[in-house]
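Engineer: This is target_22.pdb (PDB, N, CA, C and O atoms).
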```
ATOM      1  N   MET A 235      97.050 -92.604   1.591
ATOM      2  CA  MET A 235      98.130 -92.092   0.775
ATOM      3  C   MET A 235      98.508 -90.725   1.316
ATOM      4  O   MET A 235      97.680 -89.875   1.522
ATOM      5  N   GLU A 236      99.794 -90.522   1.544
ATOM      6  CA  GLU A 236     100.280 -89.223   1.978
ATOM      7  C   GLU A 236     101.578 -88.942   1.259
ATOM      8  O   GLU A 236     102.443 -89.798   1.170
ATOM      9  N   VAL A 237     101.707 -87.753   0.716
ATOM     10  CA  VAL A 237     102.891 -87.384  -0.046
ATOM     11  C   VAL A 237     103.354 -86.021   0.423
ATOM     12  O   VAL A 237     102.542 -85.132   0.618
ATOM     13  N   ARG A 238     104.642 -85.865   0.603
ATOM     14  CA  ARG A 238     105.206 -84.553   0.924
ATOM     15  C   ARG A 238     106.194 -84.195  -0.167
ATOM     16  O   ARG A 238     106.955 -85.037  -0.614
ATOM     17  N   GLN A 239     106.183 -82.928  -0.558
ATOM     18  CA  GLN A 239     107.076 -82.507  -1.631
ATOM     19  C   GLN A 239     107.262 -81.001  -1.528
ATOM     20  O   GLN A 239     106.366 -80.296  -1.090
ATOM     21  N   THR A 240     108.423 -80.515  -1.921
ATOM     22  CA  THR A 240     108.679 -79.075  -1.908
ATOM     23  C   THR A 240     109.519 -78.691  -3.111
ATOM     24  O   THR A 240     109.971 -79.537  -3.868
ATOM     25  N   MET A 241     109.743 -77.401  -3.290
ATOM     26  CA  MET A 241     110.668 -76.831  -4.252
ATOM     27  C   MET A 241     110.262 -76.963  -5.724
ATOM     28  O   MET A 241     111.061 -77.306  -6.567
ATOM     29  N   GLN A 242     109.043 -76.696  -6.034
ATOM     30  CA  GLN A 242     108.628 -76.539  -7.425
ATOM     31  C   GLN A 242     108.186 -75.096  -7.578
ATOM     32  O   GLN A 242     107.354 -74.623  -6.818
ATOM     33  N   GLU A 243     108.721 -74.386  -8.550
ATOM     34  CA  GLU A 243     108.398 -72.971  -8.704
ATOM     35  C   GLU A 243     107.117 -72.772  -9.498
ATOM     36  O   GLU A 243     106.918 -73.397 -10.535
ATOM     37  N   VAL A 244     106.260 -71.897  -8.968
ATOM     38  CA  VAL A 244     105.012 -71.509  -9.620
ATOM     39  C   VAL A 244     104.893 -70.003  -9.454
ATOM     40  O   VAL A 244     105.115 -69.475  -8.375
ATOM     41  N   GLU A 245     104.540 -69.309 -10.507
ATOM     42  CA  GLU A 245     104.375 -67.871 -10.418
ATOM     43  C   GLU A 245     103.175 -67.516  -9.550
ATOM     44  O   GLU A 245     102.212 -68.278  -9.462
ATOM     45  N   ARG A 246     103.253 -66.347  -8.936
ATOM     46  CA  ARG A 246     102.120 -65.858  -8.150
ATOM     47  C   ARG A 246     100.904 -65.772  -9.057
ATOM     48  O   ARG A 246     100.989 -65.276 -10.177
ATOM     49  N   TRP A 247      99.781 -66.252  -8.595
ATOM     50  CA  TRP A 247      98.498 -66.304  -9.279
ATOM     51  C   TRP A 247      98.458 -67.344 -10.405
ATOM     52  O   TRP A 247      97.480 -67.427 -11.133
ATOM     53  N   ALA A 248      99.496 -68.140 -10.560
ATOM     54  CA  ALA A 248      99.470 -69.228 -11.544
ATOM     55  C   ALA A 248      98.892 -70.477 -10.883
ATOM     56  O   ALA A 248      98.911 -70.618  -9.661
ATOM     57  N   MET A 249      98.383 -71.377 -11.677
ATOM     58  CA  MET A 249      97.775 -72.601 -11.153
ATOM     59  C   MET A 249      98.850 -73.652 -10.905
ATOM     60  O   MET A 249      99.666 -73.933 -11.774
ATOM     61  N   PHE A 250      98.830 -74.201  -9.706
ATOM     62  CA  PHE A 250      99.688 -75.324  -9.343
ATOM     63  C   PHE A 250      98.790 -76.547  -9.294
ATOM     64  O   PHE A 250      97.734 -76.518  -8.666
ATOM     65  N   GLU A 251      99.183 -77.607  -9.963
ATOM     66  CA  GLU A 251      98.347 -78.802  -9.996
ATOM     67  C   GLU A 251      99.160 -80.031  -9.624
ATOM     68  O   GLU A 251     100.265 -80.226 -10.113
ATOM     69  N   LEU A 252      98.594 -80.824  -8.751
ATOM     70  CA  LEU A 252      99.140 -82.133  -8.405
ATOM     71  C   LEU A 252      98.250 -83.172  -9.057
ATOM     72  O   LEU A 252      97.028 -83.035  -9.047
ATOM     73  N   SER A 253      98.835 -84.210  -9.603
ATOM     74  CA  SER A 253      98.026 -85.306 -10.127
ATOM     75  C   SER A 253      98.670 -86.623  -9.722
ATOM     76  O   SER A 253      99.896 -86.747  -9.663
ATOM     77  N   PHE A 254      97.815 -87.583  -9.403
ATOM     78  CA  PHE A 254      98.249 -88.893  -8.942
ATOM     79  C   PHE A 254      97.487 -89.967  -9.693
ATOM     80  O   PHE A 254      96.264 -89.912  -9.787
ATOM     81  N   ASN A 255      98.204 -90.930 -10.221
ATOM     82  CA  ASN A 255      97.584 -92.093 -10.843
ATOM     83  C   ASN A 255      97.434 -93.163  -9.773
ATOM     84  O   ASN A 255      98.433 -93.591  -9.191
ATOM     85  N   VAL A 256      96.205 -93.553  -9.521
ATOM     86  CA  VAL A 256      95.922 -94.539  -8.481
ATOM     87  C   VAL A 256      95.096 -95.662  -9.087
ATOM     88  O   VAL A 256      94.005 -95.410  -9.607
ATOM     89  N   PRO A 257      95.607 -96.881  -9.052
ATOM     90  CA  PRO A 257      94.824 -97.991  -9.610
ATOM     91  C   PRO A 257      93.532 -98.206  -8.834
ATOM     92  O   PRO A 257      93.490 -98.012  -7.619
ATOM     93  N   SER A 258      92.481 -98.588  -9.529
ATOM     94  CA  SER A 258      91.193 -98.861  -8.886
ATOM     95  C   SER A 258      91.288-100.145  -8.078
ATOM     96  O   SER A 258      91.849-101.134  -8.532
ATOM     97  N   GLU A 259      90.742-100.084  -6.896
ATOM     98  CA  GLU A 259      90.702-101.263  -6.038
ATOM     99  C   GLU A 259      89.336-101.335  -5.383
ATOM    100  O   GLU A 259      88.751-100.331  -5.030
ATOM    101  N   GLY A 260      88.861-102.526  -5.194
ATOM    102  CA  GLY A 260      87.604-102.716  -4.485
ATOM    103  C   GLY A 260      86.425-102.157  -5.241
ATOM    104  O   GLY A 260      86.464-101.949  -6.449
ATOM    105  N   GLU A 261      85.376-101.889  -4.492
ATOM    106  CA  GLU A 261      84.137-101.451  -5.107
ATOM    107  C   GLU A 261      83.796-100.023  -4.732
ATOM    108  O   GLU A 261      82.651 -99.623  -4.805
ATOM    109  N   GLU A 262      84.810 -99.237  -4.333
ATOM    110  CA  GLU A 262      84.560 -97.839  -4.004
ATOM    111  C   GLU A 262      84.255 -97.053  -5.272
ATOM    112  O   GLU A 262      84.834 -97.297  -6.320
ATOM    113  N   ASN A 263      83.343 -96.120  -5.161
ATOM    114  CA  ASN A 263      83.071 -95.199  -6.258
ATOM    115  C   ASN A 263      84.017 -94.014  -6.066
ATOM    116  O   ASN A 263      83.863 -93.248  -5.120
ATOM    117  N   PRO A 264      85.012 -93.827  -6.943
ATOM    118  CA  PRO A 264      86.002 -92.771  -6.712
ATOM    119  C   PRO A 264      85.419 -91.363  -6.737
ATOM    120  O   PRO A 264      85.985 -90.454  -6.145
ATOM    121  N   TYR A 265      84.294 -91.162  -7.401
ATOM    122  CA  TYR A 265      83.661 -89.843  -7.436
ATOM    123  C   TYR A 265      82.962 -89.523  -6.114
ATOM    124  O   TYR A 265      82.852 -88.374  -5.731
ATOM    125  N   ARG A 266      82.498 -90.551  -5.430
ATOM    126  CA  ARG A 266      81.678 -90.344  -4.247
ATOM    127  C   ARG A 266      82.351 -90.797  -2.954
ATOM    128  O   ARG A 266      82.218 -90.143  -1.921
ATOM    129  N   ASP A 267      83.076 -91.905  -2.986
ATOM    130  CA  ASP A 267      83.536 -92.547  -1.758
ATOM    131  C   ASP A 267      84.962 -92.203  -1.337
ATOM    132  O   ASP A 267      85.341 -92.468  -0.204
ATOM    133  N   VAL A 268      85.764 -91.632  -2.213
ATOM    134  CA  VAL A 268      87.159 -91.362  -1.888
ATOM    135  C   VAL A 268      87.335 -89.887  -1.552
ATOM    136  O   VAL A 268      86.883 -89.015  -2.289
ATOM    137  N   ARG A 269      88.000 -89.626  -0.439
ATOM    138  CA  ARG A 269      88.314 -88.250  -0.045
ATOM    139  C   ARG A 269      89.780 -88.004  -0.324
ATOM    140  O   ARG A 269      90.636 -88.817   0.024
ATOM    141  N   PHE A 270      90.069 -86.869  -0.947
ATOM    142  CA  PHE A 270      91.433 -86.531  -1.332
ATOM    143  C   PHE A 270      91.597 -85.028  -1.167
ATOM    144  O   PHE A 270      90.786 -84.249  -1.669
ATOM    145  N   SER A 271      92.610 -84.602  -0.441
ATOM    146  CA  SER A 271      92.802 -83.179  -0.194
ATOM    147  C   SER A 271      94.286 -82.880   0.014
ATOM    148  O   SER A 271      95.114 -83.778   0.064
ATOM    149  N   ALA A 272      94.591 -81.598   0.140
ATOM    150  CA  ALA A 272      95.955 -81.165   0.419
ATOM    151  C   ALA A 272      95.908 -80.023   1.423
ATOM    152  O   ALA A 272      94.905 -79.329   1.553
ATOM    153  N   ARG A 273      97.014 -79.850   2.110
ATOM    154  CA  ARG A 273      97.172 -78.726   3.032
ATOM    155  C   ARG A 273      98.420 -77.973   2.574
ATOM    156  O   ARG A 273      99.522 -78.503   2.638
ATOM    157  N   PHE A 274      98.227 -76.751   2.069
ATOM    158  CA  PHE A 274      99.328 -75.902   1.644
ATOM    159  C   PHE A 274      99.601 -74.905   2.753
ATOM    160  O   PHE A 274      98.674 -74.290   3.280
ATOM    161  N   GLN A 275     100.873 -74.708   3.071
ATOM    162  CA  GLN A 275     101.206 -73.804   4.171
ATOM    163  C   GLN A 275     102.316 -72.846   3.758
ATOM    164  O   GLN A 275     103.318 -73.245   3.160
ATOM    165  N   TYR A 276     102.076 -71.572   4.062
ATOM    166  CA  TYR A 276     103.067 -70.519   3.870
ATOM    167  C   TYR A 276     103.124 -69.731   5.171
ATOM    168  O   TYR A 276     102.115 -69.141   5.587
ATOM    169  N   ARG A 277     104.251 -69.786   5.827
ATOM    170  CA  ARG A 277     104.417 -69.175   7.156
ATOM    171  C   ARG A 277     103.330 -69.686   8.088
ATOM    172  O   ARG A 277     103.215 -70.875   8.284
ATOM    173  N   ASN A 278     102.490 -68.807   8.630
ATOM    174  CA  ASN A 278     101.448 -69.275   9.557
ATOM    175  C   ASN A 278     100.082 -69.394   8.891
ATOM    176  O   ASN A 278      99.071 -69.521   9.554
ATOM    177  N   ARG A 279     100.045 -69.354   7.570
ATOM    178  CA  ARG A 279      98.785 -69.429   6.817
ATOM    179  C   ARG A 279      98.633 -70.803   6.197
ATOM    180  O   ARG A 279      99.569 -71.354   5.639
ATOM    181  N   THR A 280      97.429 -71.344   6.266
ATOM    182  CA  THR A 280      97.145 -72.661   5.701
ATOM    183  C   THR A 280      95.929 -72.578   4.787
ATOM    184  O   THR A 280      94.930 -71.951   5.130
ATOM    185  N   VAL A 281      96.024 -73.232   3.623
ATOM    186  CA  VAL A 281      94.923 -73.324   2.669
ATOM    187  C   VAL A 281      94.720 -74.810   2.397
ATOM    188  O   VAL A 281      95.686 -75.537   2.158
ATOM    189  N   GLU A 282      93.456 -75.274   2.435
ATOM    190  CA  GLU A 282      93.171 -76.699   2.300
ATOM    191  C   GLU A 282      92.169 -76.987   1.181
ATOM    192  O   GLU A 282      90.992 -77.188   1.435
ATOM    193  N   PRO A 283      92.634 -77.033  -0.075
ATOM    194  CA  PRO A 283      91.714 -77.352  -1.175
ATOM    195  C   PRO A 283      91.384 -78.837  -1.224
ATOM    196  O   PRO A 283      92.219 -79.682  -0.885
ATOM    197  N   GLU A 284      90.174 -79.134  -1.656
ATOM    198  CA  GLU A 284      89.755 -80.518  -1.873
ATOM    199  C   GLU A 284      90.241 -80.969  -3.239
ATOM    200  O   GLU A 284      90.265 -80.185  -4.183
ATOM    201  N   GLY A 285      90.588 -82.217  -3.336
ATOM    202  CA  GLY A 285      90.957 -82.794  -4.616
ATOM    203  C   GLY A 285      89.728 -83.385  -5.286
ATOM    204  O   GLY A 285      88.631 -83.374  -4.723
ATOM    205  N   PHE A 286      89.918 -83.913  -6.471
ATOM    206  CA  PHE A 286      88.802 -84.520  -7.188
ATOM    207  C   PHE A 286      89.297 -85.657  -8.060
ATOM    208  O   PHE A 286      90.472 -85.719  -8.429
ATOM    209  N   TYR A 287      88.395 -86.562  -8.367
ATOM    210  CA  TYR A 287      88.688 -87.670  -9.257
ATOM    211  C   TYR A 287      88.423 -87.193 -10.676
ATOM    212  O   TYR A 287      87.360 -86.683 -10.984
ATOM    213  N   ASP A 288      89.418 -87.364 -11.562
ATOM    214  CA  ASP A 288      89.313 -86.864 -12.927
ATOM    215  C   ASP A 288      89.105 -87.982 -13.943
ATOM    216  O   ASP A 288      89.160 -87.750 -15.134
ATOM    217  N   GLY A 289      88.863 -89.182 -13.461
ATOM    218  CA  GLY A 289      88.627 -90.316 -14.349
ATOM    219  C   GLY A 289      89.910 -91.066 -14.680
ATOM    220  O   GLY A 289      91.017 -90.576 -14.465
ATOM    221  N   ASP A 290      89.755 -92.279 -15.159
ATOM    222  CA  ASP A 290      90.873 -93.127 -15.577
ATOM    223  C   ASP A 290      91.944 -93.298 -14.496
ATOM    224  O   ASP A 290      93.141 -93.346 -14.799
ATOM    225  N   GLY A 291      91.531 -93.350 -13.235
ATOM    226  CA  GLY A 291      92.471 -93.573 -12.138
ATOM    227  C   GLY A 291      93.299 -92.365 -11.744
ATOM    228  O   GLY A 291      94.276 -92.493 -11.012
ATOM    229  N   VAL A 292      92.924 -91.163 -12.184
ATOM    230  CA  VAL A 292      93.697 -89.955 -11.897
ATOM    231  C   VAL A 292      92.949 -89.059 -10.908
ATOM    232  O   VAL A 292      91.788 -88.722 -11.118
ATOM    233  N   TYR A 293      93.649 -88.685  -9.837
ATOM    234  CA  TYR A 293      93.140 -87.729  -8.851
ATOM    235  C   TYR A 293      93.944 -86.443  -8.988
ATOM    236  O   TYR A 293      95.150 -86.485  -9.217
ATOM    237  N   ARG A 294      93.288 -85.285  -8.823
ATOM    238  CA  ARG A 294      93.971 -83.995  -8.981
ATOM    239  C   ARG A 294      93.603 -83.034  -7.854
ATOM    240  O   ARG A 294      92.495 -83.088  -7.317
ATOM    241  N   ILE A 295      94.546 -82.143  -7.578
ATOM    242  CA  ILE A 295      94.323 -81.023  -6.675
ATOM    243  C   ILE A 295      94.889 -79.795  -7.371
ATOM    244  O   ILE A 295      96.000 -79.840  -7.905
ATOM    245  N   ARG A 296      94.140 -78.709  -7.352
ATOM    246  CA  ARG A 296      94.606 -77.457  -7.957
ATOM    247  C   ARG A 296      94.648 -76.372  -6.885
ATOM    248  O   ARG A 296      93.757 -76.263  -6.062
ATOM    249  N   PHE A 297      95.690 -75.575  -6.968
ATOM    250  CA  PHE A 297      95.929 -74.540  -5.964
ATOM    251  C   PHE A 297      96.579 -73.339  -6.631
ATOM    252  O   PHE A 297      97.457 -73.497  -7.483
ATOM    253  N   MET A 298      96.156 -72.132  -6.253
ATOM    254  CA  MET A 298      96.721 -70.910  -6.799
ATOM    255  C   MET A 298      97.332 -70.096  -5.645
ATOM    256  O   MET A 298      96.600 -69.526  -4.835
ATOM    257  N   PRO A 299      98.665 -70.069  -5.543
ATOM    258  CA  PRO A 299      99.286 -69.313  -4.450
ATOM    259  C   PRO A 299      99.054 -67.813  -4.602
ATOM    260  O   PRO A 299      99.136 -67.274  -5.704
ATOM    261  N   ASP A 300      98.753 -67.168  -3.481
ATOM    262  CA  ASP A 300      98.513 -65.726  -3.521
ATOM    263  C   ASP A 300      99.600 -64.945  -2.792
ATOM    264  O   ASP A 300      99.472 -63.750  -2.599
ATOM    265  N   GLU A 301     100.648 -65.636  -2.406
ATOM    266  CA  GLU A 301     101.814 -65.014  -1.775
ATOM    267  C   GLU A 301     103.056 -65.593  -2.421
ATOM    268  O   GLU A 301     103.075 -66.765  -2.798
ATOM    269  N   THR A 302     104.098 -64.768  -2.536
ATOM    270  CA  THR A 302     105.359 -65.290  -3.045
ATOM    271  C   THR A 302     106.180 -65.818  -1.884
ATOM    272  O   THR A 302     106.121 -65.295  -0.777
ATOM    273  N   GLY A 303     106.915 -66.851  -2.143
ATOM    274  CA  GLY A 303     107.744 -67.460  -1.105
ATOM    275  C   GLY A 303     107.551 -68.962  -1.103
ATOM    276  O   GLY A 303     106.781 -69.511  -1.891
ATOM    277  N   PRO A 304     108.231 -69.630  -0.197
ATOM    278  CA  PRO A 304     108.188 -71.095  -0.172
ATOM    279  C   PRO A 304     106.919 -71.647   0.500
ATOM    280  O   PRO A 304     106.744 -71.536   1.707
ATOM    281  N   TRP A 305     106.053 -72.213  -0.287
ATOM    282  CA  TRP A 305     104.877 -72.917   0.214
ATOM    283  C   TRP A 305     105.257 -74.387   0.401
ATOM    284  O   TRP A 305     106.008 -74.943  -0.389
ATOM    285  N   ARG A 306     104.716 -75.014   1.394
ATOM    286  CA  ARG A 306     104.912 -76.453   1.610
ATOM    287  C   ARG A 306     103.528 -77.095   1.565
ATOM    288  O   ARG A 306     102.524 -76.448   1.850
ATOM    289  N   TYR A 307     103.490 -78.363   1.207
ATOM    290  CA  TYR A 307     102.206 -79.041   1.174
ATOM    291  C   TYR A 307     102.339 -80.504   1.527
ATOM    292  O   TYR A 307     103.410 -81.093   1.443
ATOM    293  N   GLU A 308     101.200 -81.055   1.944
ATOM    294  CA  GLU A 308     101.074 -82.492   2.141
ATOM    295  C   GLU A 308      99.676 -82.877   1.683
ATOM    296  O   GLU A 308      98.748 -82.076   1.742
ATOM    297  N   THR A 309      99.557 -84.083   1.195
ATOM    298  CA  THR A 309      98.269 -84.560   0.724
ATOM    299  C   THR A 309      97.768 -85.648   1.657
ATOM    300  O   THR A 309      98.545 -86.276   2.386
ATOM    301  N   SER A 310      96.470 -85.858   1.631
ATOM    302  CA  SER A 310      95.896 -86.966   2.376
ATOM    303  C   SER A 310      94.711 -87.536   1.596
ATOM    304  O   SER A 310      94.090 -86.843   0.795
ATOM    305  N   SER A 311      94.450 -88.798   1.831
ATOM    306  CA  SER A 311      93.391 -89.499   1.108
ATOM    307  C   SER A 311      92.808 -90.569   1.992
ATOM    308  O   SER A 311      93.472 -91.104   2.887
ATOM    309  N   SER A 312      91.557 -90.912   1.704
ATOM    310  CA  SER A 312      90.921 -92.015   2.433
ATOM    311  C   SER A 312      91.353 -93.366   1.874
ATOM    312  O   SER A 312      91.027 -94.393   2.457
ATOM    313  N   LEU A 313      92.088 -93.374   0.757
ATOM    314  CA  LEU A 313      92.605 -94.641   0.208
ATOM    315  C   LEU A 313      93.734 -95.132   1.091
ATOM    316  O   LEU A 313      94.531 -94.356   1.589
ATOM    317  N   THR A 314      93.803 -96.430   1.264
ATOM    318  CA  THR A 314      94.878 -96.980   2.099
ATOM    319  C   THR A 314      95.951 -97.631   1.274
ATOM    320  O   THR A 314      95.806 -97.903   0.132
TER     321      THR A 314
END
```
Show how you would write the structure in this file as structure tokens.
Structural biologist:
Amino acid sequence: MEVRQTMQEVERWAMFELSFNVPSEGEENPYRDVRFSARFQYRNRTVEPEGFYDGDGVYRIRFMPDETGPWRYETSSSLT
């Protein structure tokens, strides 16, 4: 799974959260076997927080921007 998105306003030092509803498939343990992360980029700086499984088919990533301006991000997951 890969998603690209831009242009959502978040105040400096405020929490930005992405959440994705993903149906369970197979016998993977979502807490242990699935990798989910994002890459946030502002100019030449990159921050890569890990995501987590929050239960009930929901995956989340939280990020707090420390610079004002347009951040871009992309997500990646081991789910196909």
Engineer: Which of these residues is nearest to Phe297 in chain A, using all atoms listed in the file: A:Asp267, A:Glu251, A:Glu282, A:Glu259?
Structural biologist: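 With all atoms listed in the file as the atom set, the closest residue is A:Glu251.
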Engineer: Between A:Leu313, A:Arg296, A:Gly285, A:Gly291, which residue has the minimum interatomic distance to Ser258 in chain A, considering all atoms listed in the file?
Structural biologist: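 Between A:Leu313, A:Arg296, A:Gly285, A:Gly291, the residue approaching Ser258 in chain A most closely is A:Gly291.
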Engineer: Rounded to one decimal place, report the atom O of Leu252 in chain A-atom N of Phe274 in chain A distance in Å.
Structural biologist: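 Taking atom O of Leu252 in chain A as the start and atom N of Phe274 in chain A as the end point, the length is 12.8 Å.
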Engineer: Can you list, as a ChimeraX atom specification, every protein, DNA or RNA residue that comes within 10 Å of Pro257 in chain A when you count only C-alpha atoms, leaving out same-chain residues fewer than 3 positions away?
Structural biologist: /A:254,290-292
Engineer: Looking at all atoms listed in the file, which of A:Val281, A:Tyr276, A:Ser310, A:Gly289 is the one that sits closest to Val256 in chain A?
Structural biologist: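 Among A:Val281, A:Tyr276, A:Ser310, A:Gly289, it is A:Gly289 that comes nearest to Val256 in chain A.
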Engineer: Pull out every residue that the PyMOL selection byres ((chain A and resi 301) around 8) matches in the shown coordinates and put them as JSON, numbers by chain.
Structural biologist: {"A": [244, 245, 246, 247, 276, 298, 299, 300, 302, 303, 304, 305]}
Engineer: CA of Arg277 in chain A to CA of Met249 in chain A: how many Å, to one decimal?
Structural biologist: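 We find that CA of Arg277 in chain A and CA of Met249 in chain A lie 19.8 Å from each other.
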Engineer: Hey, could you patch up range 248-257 of chain A with all heavy atoms and hand it over as a PDB file, in the frame of the given file?
Structural biologist:
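part25.pdb written:
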```pdb
ATOM      1  N   ALA A 248      99.496 -68.140 -10.560  1.00  0.00           N
ATOM      2  CA  ALA A 248      99.470 -69.228 -11.544  1.00  0.00           C
ATOM      3  C   ALA A 248      98.892 -70.477 -10.883  1.00  0.00           C
ATOM      4  O   ALA A 248      98.911 -70.618  -9.661  1.00  0.00           O
ATOM      5  CB  ALA A 248     100.872 -69.514 -12.065  1.00  0.00           C
ATOM      6  N   MET A 249      98.383 -71.377 -11.677  1.00  0.00           N
ATOM      7  CA  MET A 249      97.775 -72.601 -11.153  1.00  0.00           C
ATOM      8  C   MET A 249      98.850 -73.652 -10.905  1.00  0.00           C
ATOM      9  O   MET A 249      99.666 -73.933 -11.774  1.00  0.00           O
ATOM     10  CB  MET A 249      96.750 -73.140 -12.146  1.00  0.00           C
ATOM     11  CG  MET A 249      95.984 -74.341 -11.636  1.00  0.00           C
ATOM     12  SD  MET A 249      94.914 -73.964 -10.232  1.00  0.00           S
ATOM     13  CE  MET A 249      93.747 -72.860 -10.985  1.00  0.00           C
ATOM     14  N   PHE A 250      98.830 -74.201  -9.706  1.00  0.00           N
ATOM     15  CA  PHE A 250      99.688 -75.324  -9.343  1.00  0.00           C
ATOM     16  C   PHE A 250      98.790 -76.547  -9.294  1.00  0.00           C
ATOM     17  O   PHE A 250      97.734 -76.518  -8.666  1.00  0.00           O
ATOM     18  CB  PHE A 250     100.327 -75.066  -7.978  1.00  0.00           C
ATOM     19  CG  PHE A 250     101.126 -76.219  -7.461  1.00  0.00           C
ATOM     20  CD1 PHE A 250     102.330 -76.562  -8.048  1.00  0.00           C
ATOM     21  CD2 PHE A 250     100.670 -76.953  -6.386  1.00  0.00           C
ATOM     22  CE1 PHE A 250     103.077 -77.624  -7.552  1.00  0.00           C
ATOM     23  CE2 PHE A 250     101.408 -78.012  -5.894  1.00  0.00           C
ATOM     24  CZ  PHE A 250     102.610 -78.349  -6.480  1.00  0.00           C
ATOM     25  N   GLU A 251      99.183 -77.607  -9.963  1.00  0.00           N
ATOM     26  CA  GLU A 251      98.347 -78.802  -9.996  1.00  0.00           C
ATOM     27  C   GLU A 251      99.160 -80.031  -9.624  1.00  0.00           C
ATOM     28  O   GLU A 251     100.265 -80.226 -10.113  1.00  0.00           O
ATOM     29  CB  GLU A 251      97.744 -79.001 -11.380  1.00  0.00           C
ATOM     30  CG  GLU A 251      96.853 -80.225 -11.453  1.00  0.00           C
ATOM     31  CD  GLU A 251      96.164 -80.360 -12.799  1.00  0.00           C
ATOM     32  OE1 GLU A 251      95.132 -79.709 -12.980  1.00  0.00           O
ATOM     33  OE2 GLU A 251      96.673 -81.121 -13.642  1.00  0.00           O
ATOM     34  N   LEU A 252      98.594 -80.824  -8.751  1.00  0.00           N
ATOM     35  CA  LEU A 252      99.140 -82.133  -8.405  1.00  0.00           C
ATOM     36  C   LEU A 252      98.250 -83.172  -9.057  1.00  0.00           C
ATOM     37  O   LEU A 252      97.028 -83.035  -9.047  1.00  0.00           O
ATOM     38  CB  LEU A 252      99.093 -82.357  -6.887  1.00  0.00           C
ATOM     39  CG  LEU A 252      99.916 -81.429  -6.025  1.00  0.00           C
ATOM     40  CD1 LEU A 252      99.542 -81.630  -4.562  1.00  0.00           C
ATOM     41  CD2 LEU A 252     101.384 -81.712  -6.241  1.00  0.00           C
ATOM     42  N   SER A 253      98.835 -84.210  -9.603  1.00  0.00           N
ATOM     43  CA  SER A 253      98.026 -85.306 -10.127  1.00  0.00           C
ATOM     44  C   SER A 253      98.670 -86.623  -9.722  1.00  0.00           C
ATOM     45  O   SER A 253      99.896 -86.747  -9.663  1.00  0.00           O
ATOM     46  CB  SER A 253      97.871 -85.214 -11.644  1.00  0.00           C
ATOM     47  OG  SER A 253      99.119 -85.339 -12.272  1.00  0.00           O
ATOM     48  N   PHE A 254      97.815 -87.583  -9.403  1.00  0.00           N
ATOM     49  CA  PHE A 254      98.249 -88.893  -8.942  1.00  0.00           C
ATOM     50  C   PHE A 254      97.487 -89.967  -9.693  1.00  0.00           C
ATOM     51  O   PHE A 254      96.264 -89.912  -9.787  1.00  0.00           O
ATOM     52  CB  PHE A 254      97.984 -89.056  -7.437  1.00  0.00           C
ATOM     53  CG  PHE A 254      98.730 -88.059  -6.593  1.00  0.00           C
ATOM     54  CD1 PHE A 254      98.159 -86.846  -6.272  1.00  0.00           C
ATOM     55  CD2 PHE A 254     100.004 -88.341  -6.144  1.00  0.00           C
ATOM     56  CE1 PHE A 254      98.837 -85.921  -5.500  1.00  0.00           C
ATOM     57  CE2 PHE A 254     100.689 -87.421  -5.369  1.00  0.00           C
ATOM     58  CZ  PHE A 254     100.113 -86.208  -5.052  1.00  0.00           C
ATOM     59  N   ASN A 255      98.204 -90.930 -10.221  1.00  0.00           N
ATOM     60  CA  ASN A 255      97.584 -92.093 -10.843  1.00  0.00           C
ATOM     61  C   ASN A 255      97.434 -93.163  -9.773  1.00  0.00           C
ATOM     62  O   ASN A 255      98.433 -93.591  -9.191  1.00  0.00           O
ATOM     63  CB  ASN A 255      98.454 -92.629 -11.988  1.00  0.00           C
ATOM     64  CG  ASN A 255      98.501 -91.663 -13.145  1.00  0.00           C
ATOM     65  OD1 ASN A 255      97.491 -91.124 -13.532  1.00  0.00           O
ATOM     66  ND2 ASN A 255      99.680 -91.439 -13.682  1.00  0.00           N
ATOM     67  N   VAL A 256      96.205 -93.553  -9.521  1.00  0.00           N
ATOM     68  CA  VAL A 256      95.922 -94.539  -8.481  1.00  0.00           C
ATOM     69  C   VAL A 256      95.096 -95.662  -9.087  1.00  0.00           C
ATOM     70  O   VAL A 256      94.005 -95.410  -9.607  1.00  0.00           O
ATOM     71  CB  VAL A 256      95.144 -93.889  -7.311  1.00  0.00           C
ATOM     72  CG1 VAL A 256      94.858 -94.904  -6.227  1.00  0.00           C
ATOM     73  CG2 VAL A 256      95.917 -92.709  -6.749  1.00  0.00           C
ATOM     74  N   PRO A 257      95.607 -96.881  -9.052  1.00  0.00           N
ATOM     75  CA  PRO A 257      94.824 -97.991  -9.610  1.00  0.00           C
ATOM     76  C   PRO A 257      93.532 -98.206  -8.834  1.00  0.00           C
ATOM     77  O   PRO A 257      93.490 -98.012  -7.619  1.00  0.00           O
ATOM     78  CB  PRO A 257      95.748 -99.190  -9.499  1.00  0.00           C
ATOM     79  CG  PRO A 257      96.831 -98.794  -8.572  1.00  0.00           C
ATOM     80  CD  PRO A 257      96.869 -97.300  -8.507  1.00  0.00           C
TER      81      PRO A 257
END
```
